$ cat final01.cif   # mmCIF, C-alpha atoms
data_work
loop_
_atom_site.group_PDB
_atom_site.id
_atom_site.type_symbol
_atom_site.label_atom_id
_atom_site.label_comp_id
_atom_site.auth_asym_id
_atom_site.auth_seq_id
_atom_site.Cartn_x
_atom_site.Cartn_y
_atom_site.Cartn_z
ATOM 1 C CA MET A 13 15.627 55.393 -4.931
ATOM 2 C CA ILE A 14 14.593 52.828 -7.549
ATOM 3 C CA ASP A 15 17.477 53.916 -9.760
ATOM 4 C CA THR A 16 19.974 52.851 -7.074
ATOM 5 C CA LEU A 17 18.326 49.423 -6.714
ATOM 6 C CA VAL A 18 18.491 48.654 -10.423
ATOM 7 C CA THR A 19 21.981 49.757 -11.318
ATOM 8 C CA GLU A 20 24.278 47.602 -13.399
ATOM 9 C CA GLN A 21 26.461 46.910 -10.360
ATOM 10 C CA THR A 22 23.483 45.758 -8.297
ATOM 11 C CA LEU A 23 22.239 43.506 -11.097
ATOM 12 C CA ALA A 24 25.724 42.047 -11.481
ATOM 13 C CA LEU A 25 25.844 41.396 -7.732
ATOM 14 C CA TRP A 26 22.476 39.609 -7.832
ATOM 15 C CA GLN A 27 23.628 37.531 -10.793
ATOM 16 C CA VAL A 28 26.771 36.460 -8.930
ATOM 17 C CA LEU A 29 24.793 35.654 -5.785
ATOM 18 C CA GLY A 30 22.253 33.673 -7.812
ATOM 19 C CA THR A 31 25.003 31.748 -9.554
ATOM 20 C CA VAL A 32 26.740 30.936 -6.275
ATOM 21 C CA LEU A 33 23.498 29.876 -4.603
ATOM 22 C CA GLY A 34 22.451 27.776 -7.590
ATOM 23 C CA THR A 35 25.848 26.099 -7.719
ATOM 24 C CA LEU A 36 25.730 25.297 -4.008
ATOM 25 C CA LEU A 37 22.222 23.857 -4.321
ATOM 26 C CA LEU A 38 23.261 21.780 -7.328
ATOM 27 C CA ALA A 39 26.328 20.463 -5.501
ATOM 28 C CA ALA A 40 24.242 19.580 -2.430
ATOM 29 C CA ALA A 41 21.638 17.798 -4.561
ATOM 30 C CA THR A 42 24.354 15.886 -6.412
ATOM 31 C CA LEU A 43 25.999 14.766 -3.162
ATOM 32 C CA TRP A 44 22.643 13.716 -1.702
ATOM 33 C CA ALA A 45 21.695 11.774 -4.841
ATOM 34 C CA GLY A 46 25.102 10.095 -4.898
ATOM 35 C CA ARG A 47 24.675 9.014 -1.297
ATOM 36 C CA GLN A 48 21.213 7.606 -2.010
ATOM 37 C CA ILE A 49 22.452 5.709 -5.060
ATOM 38 C CA THR A 50 25.388 4.309 -3.086
ATOM 39 C CA GLN A 51 23.100 3.088 -0.304
ATOM 40 C CA GLN A 52 20.740 1.457 -2.795
ATOM 41 C CA ALA A 53 23.647 -0.217 -4.606
ATOM 42 C CA ARG A 54 25.031 -1.601 -1.330
ATOM 43 C CA GLU A 55 21.638 -2.952 -0.304
ATOM 44 C CA LEU A 56 21.143 -4.512 -3.732
ATOM 45 C CA TRP A 57 24.574 -6.152 -3.577
ATOM 46 C CA ARG A 58 23.842 -7.569 -0.107
ATOM 47 C CA VAL A 59 20.742 -9.263 -1.515
ATOM 48 C CA VAL A 60 22.413 -10.468 -4.709
ATOM 49 C CA ARG A 61 25.546 -11.673 -2.888
ATOM 50 C CA GLY A 62 23.565 -14.363 -1.098
ATOM 51 C CA HIS A 63 22.595 -15.858 -4.469
ATOM 52 C CA MET A 64 26.038 -15.901 -6.109
ATOM 53 C CA PRO A 65 26.427 -19.720 -6.059
ATOM 54 C CA ASP A 66 23.054 -20.046 -7.812
ATOM 55 C CA VAL A 67 23.994 -17.410 -10.376
ATOM 56 C CA VAL A 68 27.344 -19.056 -11.153
ATOM 57 C CA ALA A 69 25.695 -22.486 -11.406
ATOM 58 C CA ALA A 70 23.217 -21.043 -13.906
ATOM 59 C CA VAL A 71 25.952 -19.961 -16.335
ATOM 60 C CA ASP A 72 28.627 -22.665 -16.129
ATOM 61 C CA GLN A 73 27.475 -25.000 -18.953
ATOM 62 C CA PRO A 74 27.534 -24.306 -22.700
ATOM 63 C CA ALA A 75 23.858 -25.340 -22.943
ATOM 64 C CA ASP A 76 22.657 -22.809 -20.325
ATOM 65 C CA PRO A 77 20.149 -20.337 -21.831
ATOM 66 C CA LEU A 78 22.232 -17.217 -21.095
ATOM 67 C CA ILE A 79 25.355 -18.801 -22.563
ATOM 68 C CA VAL A 80 23.447 -19.865 -25.693
ATOM 69 C CA GLN A 81 22.048 -16.355 -26.117
ATOM 70 C CA LEU A 82 25.476 -14.747 -25.644
ATOM 71 C CA ALA A 83 26.954 -17.132 -28.217
ATOM 72 C CA LYS A 84 24.202 -16.164 -30.681
ATOM 73 C CA LEU A 85 24.738 -12.431 -30.142
ATOM 74 C CA THR A 86 28.536 -12.542 -30.365
ATOM 75 C CA THR A 87 31.158 -14.439 -32.308
ATOM 76 C CA VAL A 88 32.448 -16.047 -29.101
ATOM 77 C CA PRO A 89 31.667 -19.781 -28.834
ATOM 78 C CA ALA A 90 29.387 -21.006 -26.021
ATOM 79 C CA ALA A 91 32.178 -23.106 -24.494
ATOM 80 C CA VAL A 92 34.305 -19.979 -24.046
ATOM 81 C CA TRP A 93 31.406 -18.086 -22.454
ATOM 82 C CA ALA A 94 30.812 -21.050 -20.111
ATOM 83 C CA VAL A 95 34.399 -20.811 -18.871
ATOM 84 C CA PHE A 96 34.707 -17.029 -18.824
ATOM 85 C CA LEU A 97 31.390 -15.928 -17.306
ATOM 86 C CA PRO A 98 31.577 -17.845 -13.975
ATOM 87 C CA ALA A 99 35.179 -16.714 -13.442
ATOM 88 C CA PHE A 100 34.210 -13.129 -14.273
ATOM 89 C CA LEU A 101 31.226 -13.184 -11.918
ATOM 90 C CA GLU A 102 33.312 -14.618 -9.070
ATOM 91 C CA SER A 103 35.972 -11.939 -9.599
ATOM 92 C CA LEU A 104 33.314 -9.250 -9.757
ATOM 93 C CA ALA A 105 31.800 -10.514 -6.505
ATOM 94 C CA GLU A 106 35.187 -10.481 -4.779
ATOM 95 C CA GLY A 107 35.881 -6.972 -6.047
ATOM 96 C CA LEU A 108 32.506 -5.685 -4.895
ATOM 97 C CA ASP A 109 32.971 -7.306 -1.496
ATOM 98 C CA ALA A 110 36.367 -5.653 -1.160
ATOM 99 C CA ALA A 111 35.047 -2.284 -2.332
ATOM 100 C CA LEU A 112 32.121 -2.427 0.060
ATOM 101 C CA ASN A 113 34.244 -3.874 2.893
ATOM 102 C CA GLU A 114 31.940 -6.835 3.284
ATOM 103 C CA SER A 115 32.541 -10.505 3.705
ATOM 104 C CA ALA A 116 30.846 -13.269 1.810
ATOM 105 C CA PRO A 117 27.864 -14.907 3.531
ATOM 106 C CA GLY A 118 28.965 -17.713 5.802
ATOM 107 C CA ASP A 119 32.443 -16.309 6.433
ATOM 108 C CA GLY A 120 31.565 -15.554 10.040
ATOM 109 C CA ALA A 121 32.524 -11.907 9.667
ATOM 110 C CA GLY A 122 29.878 -9.401 8.770
ATOM 111 C CA ALA A 123 29.773 -5.713 8.095
#

$ encode --input "final01.cif" --output "structure tokens"
Amino acid sequence: MIDTLVTEQTLALWQVLGTVLGTLLLAAATLWAGRQITQQARELWRVVRGHMPDVVAAVDQPADPLIVQLAKLTTVPAAVWAVFLPAFLESLAEGLDAALNESAPGDGAGA
């Protein structure tokens, strides 16, 4: 009786079943984690989106601390960072709004 339970074919079957079950559990966990991360990212963006004018105003002058630090860390002059960074942040905000199908605060349309 025990010899029929521990044959090579039975062990191979259990290995295949274990692999399939493990793969399904891994896929389910990955999908669940992805959904949780997406929800957290959307909630974070909703909070940050309301502060975009403040963020852009904080990085639009060559003497702003972030611009000065970026100029020190790179070979790009502070004046270039002061022009590029606000435009980049505005474009990023528009792209995130479009990707998340949301409107900017004060537009009258909300998701």

$ atom_distance --input "final01.cif" --atom1 "atom CA of Arg54 of chain A" --atom2 "atom CA of Phe100 of chain A"
19.6 Å

$ closest_residue --input "final01.cif" --among "A:Ala105, A:Ala94, A:Val18, A:Leu112" --to "Ala70 of chain A" --atoms "all atoms listed in the file"
A:Ala94

$ atom_distance --input "final01.cif" --atom1 "atom CA of Leu97 of chain A" --atom2 "atom CA of Pro65 of chain A"
12.9 Å

$ closest_residue --input "final01.cif" --among "A:Ala90, A:Gln48, A:Asp109, A:Leu43" --to "Gly62 of chain A" --atoms "only C-alpha atoms"
A:Asp109

$ closest_residue --input "final01.cif" --among "A:Leu36, A:Asn113, A:Glu102, A:Thr19" --to "His63 of chain A" --atoms "all atoms listed in the file"
A:Glu102

$ closest_residue --input "final01.cif" --among "A:Val88, A:Val68, A:Leu78, A:Ala41" --to "Leu104 of chain A" --atoms "all atoms listed in the file"
A:Val68

$ atom_distance --input "final01.cif" --atom1 "atom CA of Val92 of chain A" --atom2 "atom CA of Ala111 of chain A"
28.0 Å

$ axis_aligned_box --input "final01.cif" --around "segment 69-85 of chain A" --padding-each-side "4 Å" --output "AutoDock Vina command-line options"
--center_x 24.4 --center_y -18.9 --center_z -21.0 --size_x 16.5 --size_y 20.9 --size_z 27.3

$ closest_residue --input "final01.cif" --among "A:Trp93, A:Leu101, A:Lys84, A:Pro77" --to "Val60 of chain A" --atoms "all atoms listed in the file"
A:Leu101

$ closest_residue --input "final01.cif" --among "A:Arg47, A:Leu108, A:Val95, A:Leu37" --to "Ala69 of chain A" --atoms "all atoms listed in the file"
A:Val95

$ decode --input "final01.cif" --residues "segment 28-108 of chain A" --atoms "C-alpha atoms" --output "CSV table (one decimal), in the first residue's frame"
chain,number,residue,atom,x,y,z
A,28,VAL,CA,3.3,19.5,-10.4
A,29,LEU,CA,0.3,20.2,-8.1
A,30,GLY,CA,2.5,22.0,-5.7
A,31,THR,CA,4.1,24.1,-8.4
A,32,VAL,CA,0.7,25.0,-9.9
A,33,LEU,CA,-0.7,25.9,-6.4
A,34,GLY,CA,2.3,27.9,-5.5
A,35,THR,CA,2.2,29.8,-8.8
A,36,LEU,CA,-1.5,30.6,-8.4
A,37,LEU,CA,-0.9,31.8,-4.8
A,38,LEU,CA,2.0,34.0,-6.0
A,39,ALA,CA,0.0,35.5,-8.8
A,40,ALA,CA,-2.9,36.2,-6.5
A,41,ALA,CA,-0.6,37.9,-3.9
A,42,THR,CA,1.1,39.9,-6.7
A,43,LEU,CA,-2.3,41.1,-8.0
A,44,TRP,CA,-3.5,42.0,-4.5
A,45,ALA,CA,-0.2,43.9,-3.7
A,46,GLY,CA,-0.4,45.7,-7.0
A,47,ARG,CA,-4.0,46.8,-6.2
A,48,GLN,CA,-3.0,48.0,-2.8
A,49,ILE,CA,0.0,50.0,-4.1
A,50,THR,CA,-2.2,51.5,-6.8
A,51,GLN,CA,-4.8,52.6,-4.3
A,52,GLN,CA,-2.1,54.1,-2.0
A,53,ALA,CA,-0.5,56.0,-5.0
A,54,ARG,CA,-3.9,57.4,-6.0
A,55,GLU,CA,-4.7,58.6,-2.5
A,56,LEU,CA,-1.2,60.1,-2.2
A,57,TRP,CA,-1.6,61.9,-5.5
A,58,ARG,CA,-5.0,63.3,-4.4
A,59,VAL,CA,-3.3,64.8,-1.4
A,60,VAL,CA,-0.3,66.1,-3.2
A,61,ARG,CA,-2.3,67.5,-6.1
A,62,GLY,CA,-3.9,70.1,-3.9
A,63,HIS,CA,-0.5,71.5,-3.1
A,64,MET,CA,0.9,71.7,-6.6
A,65,PRO,CA,0.8,75.6,-6.8
A,66,ASP,CA,2.8,75.7,-3.6
A,67,VAL,CA,5.3,73.1,-4.9
A,68,VAL,CA,5.8,75.0,-8.2
A,69,ALA,CA,6.2,78.3,-6.4
A,70,ALA,CA,8.9,76.7,-4.2
A,71,VAL,CA,11.1,75.8,-7.1
A,72,ASP,CA,10.7,78.6,-9.6
A,73,GLN,CA,13.6,80.9,-8.6
A,74,PRO,CA,17.4,80.2,-9.0
A,75,ALA,CA,17.9,81.0,-5.3
A,76,ASP,CA,15.4,78.4,-4.0
A,77,PRO,CA,17.0,75.8,-1.8
A,78,LEU,CA,16.1,72.8,-3.9
A,79,ILE,CA,17.4,74.6,-7.1
A,80,VAL,CA,20.6,75.5,-5.4
A,81,GLN,CA,21.1,71.9,-4.2
A,82,LEU,CA,20.4,70.5,-7.7
A,83,ALA,CA,22.9,73.0,-9.2
A,84,LYS,CA,25.5,71.8,-6.7
A,85,LEU,CA,24.9,68.1,-7.4
A,86,THR,CA,24.9,68.5,-11.2
A,87,THR,CA,26.6,70.5,-13.8
A,88,VAL,CA,23.3,72.2,-14.8
A,89,PRO,CA,23.1,75.9,-13.8
A,90,ALA,CA,20.5,77.0,-11.2
A,91,ALA,CA,18.8,79.2,-13.8
A,92,VAL,CA,18.2,76.2,-16.0
A,93,TRP,CA,16.8,74.2,-13.1
A,94,ALA,CA,14.5,77.1,-12.2
A,95,VAL,CA,13.0,77.1,-15.7
A,96,PHE,CA,12.9,73.3,-16.2
A,97,LEU,CA,11.6,72.0,-12.8
A,98,PRO,CA,8.3,74.0,-12.7
A,99,ALA,CA,7.5,73.0,-16.3
A,100,PHE,CA,8.4,69.4,-15.6
A,101,LEU,CA,6.3,69.3,-12.4
A,102,GLU,CA,3.3,70.8,-14.2
A,103,SER,CA,3.6,68.3,-17.0
A,104,LEU,CA,3.9,65.5,-14.5
A,105,ALA,CA,0.8,66.7,-12.7
A,106,GLU,CA,-1.2,66.8,-15.9
A,107,GLY,CA,0.0,63.4,-16.9
A,108,LEU,CA,-0.9,61.9,-13.5
